[in-house]
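Coordinates from work.txt are shown below (compact mmCIF, C-alpha atoms).
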# COMPACT_ATOMS: atom_id res chain seq x y z
CA MET A 90 -19.36 25.54 -5.56
CA SER A 91 -17.40 27.28 -8.30
CA GLU A 92 -14.35 29.28 -7.59
CA THR A 93 -14.60 33.05 -8.00
CA TYR A 94 -12.16 34.88 -10.23
CA GLN A 95 -10.58 36.55 -7.19
CA SER A 96 -10.16 33.30 -5.24
CA LYS A 97 -8.71 31.60 -8.34
CA GLN A 98 -6.17 34.41 -8.72
CA GLU A 99 -5.25 34.19 -5.03
CA ARG A 100 -4.87 30.41 -5.25
CA ARG A 101 -2.69 30.68 -8.35
CA GLN A 102 -0.55 33.32 -6.64
CA ARG A 103 -0.03 31.01 -3.66
CA LEU A 104 0.91 28.20 -6.06
CA LEU A 105 3.31 30.46 -7.92
CA GLU A 106 4.97 31.45 -4.64
CA SER A 107 5.47 27.76 -3.79
CA LEU A 108 7.71 27.35 -6.85
CA PRO A 109 11.47 27.93 -6.68
CA ALA A 110 12.14 31.67 -7.07
CA SER A 111 14.27 31.16 -10.18
CA LEU A 112 11.43 29.31 -11.95
CA ARG A 113 8.59 31.74 -11.12
CA PRO A 114 9.27 34.40 -13.80
CA HIS A 115 9.13 31.77 -16.54
CA VAL A 116 5.78 30.21 -15.64
CA SER A 117 2.66 31.69 -17.18
CA VAL A 118 -0.65 31.70 -15.32
CA ARG A 119 -2.06 28.90 -17.47
CA ASN A 120 0.89 26.61 -16.63
CA ILE A 121 1.16 27.24 -12.88
CA GLU A 122 -0.90 24.26 -11.72
CA ALA A 123 0.87 21.86 -14.09
CA VAL A 124 4.34 23.04 -13.03
CA VAL A 125 3.46 22.87 -9.32
CA ALA A 126 2.29 19.27 -9.85
CA LEU A 127 5.75 18.27 -11.12
CA SER A 128 8.27 16.76 -8.72
CA GLN A 129 11.10 18.99 -7.49
CA GLN A 130 13.48 17.07 -9.75
CA ALA A 131 11.24 17.71 -12.78
CA GLN A 132 10.89 21.40 -11.84
CA ALA A 133 14.69 21.70 -11.68
CA ARG A 134 15.01 20.00 -15.08
CA LEU A 135 12.38 22.35 -16.51
CA LEU A 136 14.36 25.36 -15.25
CA GLU A 137 17.54 23.97 -16.83
CA ALA A 138 15.72 23.61 -20.14
CA ILE A 139 14.32 27.16 -19.91
CA GLN A 140 17.80 28.51 -19.20
CA ALA A 141 19.05 26.55 -22.21
CA GLY A 142 16.47 28.18 -24.47
CA LEU A 143 13.16 26.33 -24.06
CA LYS A 144 10.33 28.65 -25.08
CA ARG A 145 7.17 26.53 -25.04
CA LEU A 146 6.46 24.87 -21.72
CA PRO A 147 3.32 22.72 -22.20
CA ARG A 148 4.98 19.89 -24.12
CA ALA A 149 8.00 19.91 -21.80
CA ILE A 150 5.72 19.81 -18.75
CA GLU A 151 3.82 16.87 -20.23
CA GLN A 152 7.09 15.06 -20.99
CA LEU A 153 8.45 15.70 -17.48
CA ARG A 154 5.23 14.47 -15.93
CA ALA A 155 5.62 11.22 -17.87
CA ASP A 156 9.37 10.96 -17.25
CA PRO A 157 11.04 13.31 -14.73
CA ASP A 158 14.45 12.06 -15.93
CA THR A 159 13.97 13.46 -19.44
CA SER A 160 17.18 15.15 -20.52
CA VAL A 161 17.37 18.87 -21.27
CA ALA A 162 18.35 17.97 -24.84
CA ASP A 163 15.16 15.92 -25.26
CA LEU A 164 13.09 18.78 -23.84
CA LEU A 165 14.68 21.22 -26.28
CA ASN A 166 14.49 18.86 -29.27
CA PRO A 167 11.55 16.52 -28.75
CA SER A 168 11.30 13.49 -30.99
CA SER A 169 9.34 13.80 -34.19
CA GLN A 170 6.85 11.30 -32.83
CA PRO A 171 4.16 13.16 -30.88
CA LEU A 172 4.47 12.74 -27.11
CA THR A 173 0.90 11.51 -26.83
CA GLU A 174 1.74 8.62 -29.18
CA ILE A 175 4.82 7.74 -27.12
CA LEU A 176 2.78 7.85 -23.91
CA ILE A 177 -0.01 5.78 -25.46
CA GLN A 178 2.43 3.09 -26.65
CA THR A 179 4.14 2.98 -23.26
CA ASN A 180 0.81 2.95 -21.47
CA ILE A 181 -0.56 0.12 -23.65
CA THR A 182 2.42 -2.06 -22.77
CA THR A 183 2.14 -1.20 -19.08
CA VAL A 184 -1.60 -1.90 -19.05
CA GLN A 185 -1.18 -5.23 -20.86
CA GLN A 186 1.49 -6.27 -18.36
CA GLU A 187 -0.76 -5.25 -15.45
CA VAL A 188 -3.67 -7.23 -16.89
CA ALA A 189 -1.40 -10.25 -17.49
CA ASP A 190 -0.22 -10.00 -13.86
CA LEU A 191 -3.83 -9.97 -12.66
CA ILE A 192 -4.71 -12.94 -14.85
CA GLN A 193 -1.83 -14.89 -13.31
CA GLU A 194 -2.92 -13.84 -9.83
CA CYS A 195 -6.40 -15.18 -10.54
CA PHE A 196 -5.12 -18.27 -12.39
CA PRO A 197 -1.67 -19.05 -10.95
CA ASP A 198 -1.27 -22.25 -13.00
CA MET A 199 -1.54 -20.34 -16.28
CA PRO A 200 1.80 -19.94 -18.09
CA ARG A 201 3.00 -16.35 -18.50
CA VAL A 202 2.87 -16.56 -22.30
CA SER A 203 -0.79 -17.58 -22.12
CA ALA A 204 -1.60 -14.82 -19.64
CA GLU A 205 0.03 -12.22 -21.91
CA ALA A 206 -1.83 -13.57 -24.96
CA LEU A 207 -5.13 -13.47 -23.07
CA ALA A 208 -4.40 -9.94 -21.81
CA ASP A 209 -3.98 -8.86 -25.44
CA ALA A 210 -7.11 -10.69 -26.68
CA ASP A 211 -10.22 -8.85 -27.89
CA VAL A 212 -12.29 -10.43 -25.14
CA MET A 213 -10.16 -8.58 -22.55
CA GLN A 214 -10.48 -5.14 -24.19
CA ILE A 215 -12.86 -3.87 -21.49
CA VAL A 216 -10.43 -5.01 -18.78
CA ARG A 217 -7.57 -3.13 -20.49
CA ILE A 218 -9.72 0.01 -20.77
CA ILE A 219 -10.62 -0.15 -17.08
CA ALA A 220 -6.98 -0.82 -16.10
CA GLN A 221 -5.85 2.18 -18.16
CA THR A 222 -8.52 4.38 -16.59
CA HIS A 223 -7.48 3.11 -13.16
CA GLN A 224 -3.87 4.17 -13.82
CA GLN A 225 -4.97 7.59 -15.06
CA MET A 226 -7.15 8.06 -12.00
CA PHE A 227 -4.19 7.74 -9.63
CA LYS A 228 -2.04 10.01 -11.81
CA SER A 229 -4.63 12.78 -11.64
CA ASN A 230 -3.52 16.03 -10.06
CA HIS A 231 -6.99 16.30 -8.55
CA ILE A 232 -7.35 12.87 -6.91
CA LEU A 233 -6.84 14.34 -3.42
CA THR A 234 -9.56 16.94 -3.91
CA ASP A 235 -12.42 16.07 -1.59
CA PHE A 236 -15.24 16.20 -4.12
CA VAL A 237 -13.23 14.20 -6.67
CA MET A 238 -12.23 11.51 -4.15
CA LEU A 239 -15.71 11.20 -2.64
CA THR A 240 -17.32 10.95 -6.06
CA LEU A 241 -14.78 8.39 -7.27
CA TYR A 242 -15.15 6.38 -4.08
CA GLY A 243 -18.94 6.39 -4.46
CA LEU A 244 -18.58 5.24 -8.07
CA MET A 245 -16.22 2.42 -7.04
CA ARG A 246 -18.57 1.25 -4.29
CA GLN A 247 -21.48 1.30 -6.71
CA THR A 248 -19.47 -0.64 -9.32
CA LEU A 249 -18.32 -3.20 -6.77
CA LYS A 250 -21.86 -3.73 -5.57
CA GLN A 251 -23.14 -4.25 -9.13
CA MET A 252 -20.32 -6.69 -9.93
CA GLU A 253 -20.91 -8.67 -6.76
CA GLU A 254 -24.64 -8.88 -7.52
CA LEU A 255 -23.75 -10.31 -10.96
CA ILE A 256 -21.45 -12.85 -9.30
CA GLU A 257 -24.11 -13.83 -6.77
CA ASP A 258 -26.70 -14.27 -9.54
CA THR A 259 -24.41 -16.32 -11.82
CA PRO A 260 -23.54 -19.80 -10.47
CA ALA A 261 -20.68 -20.29 -12.96
CA LEU A 262 -19.02 -17.08 -11.76
CA ARG A 263 -19.47 -18.04 -8.10
CA GLN A 264 -17.81 -21.39 -8.83
CA ALA A 265 -14.94 -19.66 -10.64
CA PHE A 266 -14.34 -17.43 -7.63
CA ASP A 267 -14.53 -20.42 -5.29
CA ARG A 268 -11.86 -22.22 -7.36
CA GLY A 269 -9.66 -19.18 -7.92
CA ASN A 270 -7.12 -17.48 -5.69
CA LEU A 271 -8.80 -14.08 -5.74
CA PRO A 272 -10.46 -13.40 -2.37
CA TRP A 273 -14.14 -12.59 -2.73
CA LYS A 274 -16.89 -11.64 -0.34
CA SER A 275 -20.36 -10.46 -1.03
CA TYR A 276 -21.02 -6.74 -0.74
CA GLU A 277 -23.49 -7.40 2.09
CA TRP A 278 -20.78 -7.42 4.78
CA ARG A 279 -19.90 -3.83 3.89
CA ASN A 280 -23.47 -2.64 4.40
CA GLU A 281 -23.29 -3.62 8.07
CA THR A 282 -20.49 -1.12 8.80
CA CYS A 283 -21.90 1.81 6.85
Could I get this structure in the form of structure tokens?
Amino acid sequence: MSETYQSKQERRQRLLESLPASLRPHVSVRNIEAVVALSQQAQARLLEAIQAGLKRLPRAIEQLRADPDTSVADLLNPSSQPLTEILIQTNITTVQQEVADLIQECFPDMPRVSAEALADADVMQIVRIIAQTHQQMFKSNHILTDFVMLTLYGLMRQTLKQMEELIEDTPALRQAFDRGNLPWKSYEWRNETC
């Protein structure tokens, strides 16, 4: 069900009132939800930057969400490189490391250099995309919303079921799971408890 204009205004007013009193006058309606989602440390840093002359909040909010320890100077004088590019570069490295860690978990005898090379290979592009999406999912400000969580959970269950059917139907994959260290059970055991 969509939110009415009146209920949206009331919700935003409640959110605004949850902010520190000194920060409230500086936060426009369109930025309330983003500022509320920041940690208290990031909110305090945002206020310091506003008091030091920051005029445009969206970029500063985005930067503080990515790094709550961003200095006031960096908020006032952001680098010439767009923040989205910085975040993408950082995220790519993080995702590649996460994928390399998973590869080593699945294949513990594989040297780290090989795992990192495989994580960066074209064949693993879909794994990197899913890992990146996975990270973004848990960073979402809306993950704890009931309809978002239930829908995501349903999607994950559906995906897991489809993957396990592929594994069951492919002897080479079943053998790989039997040899590997990654625990695996067929989806069927979950159906009994639902």
When you draw a straight line from CA of Phe227 (chain A) to CA of Pro272 (chain A), how long is it in Å?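 Interatomic distance here is 23.2 Å.
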Determine, counting only C-alpha atoms, which protein, DNA and RNA residues have an atom within 12 Å of an atom of Lys228 (chain A); residues of the same chain fewer than 3 positions away are not included. Present the result as a PyMOL selection string. chain A and resi 126-127+154-155+221-225+231-233
Can you tell me how far CA of Ala162 (chain A) sits from CA of Asn230 (chain A), in Å to one decimal?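 A separation of 26.5 Å between them.
Take CA of Leu255 (chain A) and CA of Ala208 (chain A): the distance between them is 22.2 Å.
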Test item: residues at most 10 Å from Leu143 (chain A), all atoms listed in the file, excluding those fewer than 2 positions along its chain, as a PyMOL selection string: chain A and resi 135-141+145-146+149+161-162+164-166
As a list in words, please: the residues near region 105-116 of chain A (cut-off 7 Å, only C-alpha atoms, same-chain neighbours under 4 positions excluded).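 Listing them by chain and then by number gives Arg101, Asn120, Ile121, Val125 and Leu136 of chain A.
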Keeping only C-alpha atoms, write the selected residues as a PDB file, in the coordinates of the input.
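Result file selection.pdb:
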ATOM      1  CA  ARG A 101      -2.690  30.680  -8.350  1.00  0.00           C
ATOM      2  CA  ASN A 120       0.890  26.610 -16.630  1.00  0.00           C
ATOM      3  CA  ILE A 121       1.160  27.240 -12.880  1.00  0.00           C
ATOM      4  CA  VAL A 125       3.460  22.870  -9.320  1.00  0.00           C
ATOM      5  CA  LEU A 136      14.360  25.360 -15.250  1.00  0.00           C
TER       6      LEU A 136
END
Return region 127-151 of chain A, completed with N, CA and C atoms, as an mmCIF file, keeping the file's coordinate frame.
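As a result, part19.cif now contains:
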data_model
loop_
_atom_site.group_PDB
_atom_site.id
_atom_site.type_symbol
_atom_site.label_atom_id
_atom_site.label_comp_id
_atom_site.auth_asym_id
_atom_site.auth_seq_id
_atom_site.Cartn_x
_atom_site.Cartn_y
_atom_site.Cartn_z
ATOM 1 N N LEU A 127 4.519 19.011 -10.817
ATOM 2 C CA LEU A 127 5.750 18.270 -11.120
ATOM 3 C C LEU A 127 6.566 18.050 -9.848
ATOM 4 N N SER A 128 7.358 16.995 -9.845
ATOM 5 C CA SER A 128 8.270 16.760 -8.720
ATOM 6 C C SER A 128 9.332 17.851 -8.704
ATOM 7 N N GLN A 129 10.033 17.990 -7.586
ATOM 8 C CA GLN A 129 11.100 18.990 -7.490
ATOM 9 C C GLN A 129 12.181 18.714 -8.527
ATOM 10 N N GLN A 130 12.478 17.443 -8.751
ATOM 11 C CA GLN A 130 13.480 17.070 -9.750
ATOM 12 C C GLN A 130 13.029 17.532 -11.139
ATOM 13 N N ALA A 131 11.760 17.313 -11.469
ATOM 14 C CA ALA A 131 11.240 17.710 -12.780
ATOM 15 C C ALA A 131 11.209 19.238 -12.906
ATOM 16 N N GLN A 132 10.873 19.938 -11.815
ATOM 17 C CA GLN A 132 10.890 21.400 -11.840
ATOM 18 C C GLN A 132 12.308 21.913 -12.108
ATOM 19 N N ALA A 133 13.289 21.288 -11.469
ATOM 20 C CA ALA A 133 14.690 21.700 -11.680
ATOM 21 C C ALA A 133 15.107 21.447 -13.125
ATOM 22 N N ARG A 134 14.677 20.307 -13.685
ATOM 23 C CA ARG A 134 15.010 20.000 -15.080
ATOM 24 C C ARG A 134 14.323 20.984 -16.019
ATOM 25 N N LEU A 135 13.100 21.374 -15.696
ATOM 26 C CA LEU A 135 12.380 22.350 -16.510
ATOM 27 C C LEU A 135 13.130 23.686 -16.506
ATOM 28 N N LEU A 136 13.594 24.107 -15.346
ATOM 29 C CA LEU A 136 14.360 25.360 -15.250
ATOM 30 C C LEU A 136 15.636 25.274 -16.078
ATOM 31 N N GLU A 137 16.320 24.145 -16.015
ATOM 32 C CA GLU A 137 17.540 23.970 -16.830
ATOM 33 C C GLU A 137 17.214 24.125 -18.313
ATOM 34 N N ALA A 138 16.108 23.528 -18.728
ATOM 35 C CA ALA A 138 15.720 23.610 -20.140
ATOM 36 C C ALA A 138 15.352 25.038 -20.526
ATOM 37 N N ILE A 139 14.679 25.756 -19.647
ATOM 38 C CA ILE A 139 14.320 27.160 -19.910
ATOM 39 C C ILE A 139 15.596 27.994 -20.043
ATOM 40 N N GLN A 140 16.539 27.775 -19.146
ATOM 41 C CA GLN A 140 17.800 28.510 -19.200
ATOM 42 C C GLN A 140 18.612 28.167 -20.444
ATOM 43 N N ALA A 141 18.354 26.969 -20.993
ATOM 44 C CA ALA A 141 19.050 26.550 -22.210
ATOM 45 C C ALA A 141 18.314 26.990 -23.478
ATOM 46 N N GLY A 142 17.164 27.646 -23.305
ATOM 47 C CA GLY A 142 16.470 28.180 -24.470
ATOM 48 C C GLY A 142 15.066 27.666 -24.732
ATOM 49 N N LEU A 143 14.526 26.834 -23.870
ATOM 50 C CA LEU A 143 13.160 26.330 -24.060
ATOM 51 C C LEU A 143 12.174 27.484 -24.017
ATOM 52 N N LYS A 144 11.301 27.555 -25.008
ATOM 53 C CA LYS A 144 10.330 28.650 -25.080
ATOM 54 C C LYS A 144 8.907 28.190 -24.764
ATOM 55 N N ARG A 145 8.542 27.002 -25.207
ATOM 56 C CA ARG A 145 7.170 26.530 -25.040
ATOM 57 C C ARG A 145 7.131 25.460 -23.960
ATOM 58 N N LEU A 146 6.460 25.768 -22.872
ATOM 59 C CA LEU A 146 6.460 24.870 -21.720
ATOM 60 C C LEU A 146 5.489 23.695 -21.771
ATOM 61 N N PRO A 147 4.295 23.812 -22.353
ATOM 62 C CA PRO A 147 3.320 22.720 -22.200
ATOM 63 C C PRO A 147 3.825 21.333 -22.576
ATOM 64 N N ARG A 148 4.480 21.208 -23.714
ATOM 65 C CA ARG A 148 4.980 19.890 -24.120
ATOM 66 C C ARG A 148 6.060 19.393 -23.163
ATOM 67 N N ALA A 149 6.940 20.293 -22.741
ATOM 68 C CA ALA A 149 8.000 19.910 -21.800
ATOM 69 C C ALA A 149 7.406 19.474 -20.470
ATOM 70 N N ILE A 150 6.382 20.175 -20.011
ATOM 71 C CA ILE A 150 5.720 19.810 -18.750
ATOM 72 C C ILE A 150 5.112 18.418 -18.875
ATOM 73 N N GLU A 151 4.444 18.170 -20.001
ATOM 74 C CA GLU A 151 3.820 16.870 -20.230
ATOM 75 C C GLU A 151 4.888 15.766 -20.251
#
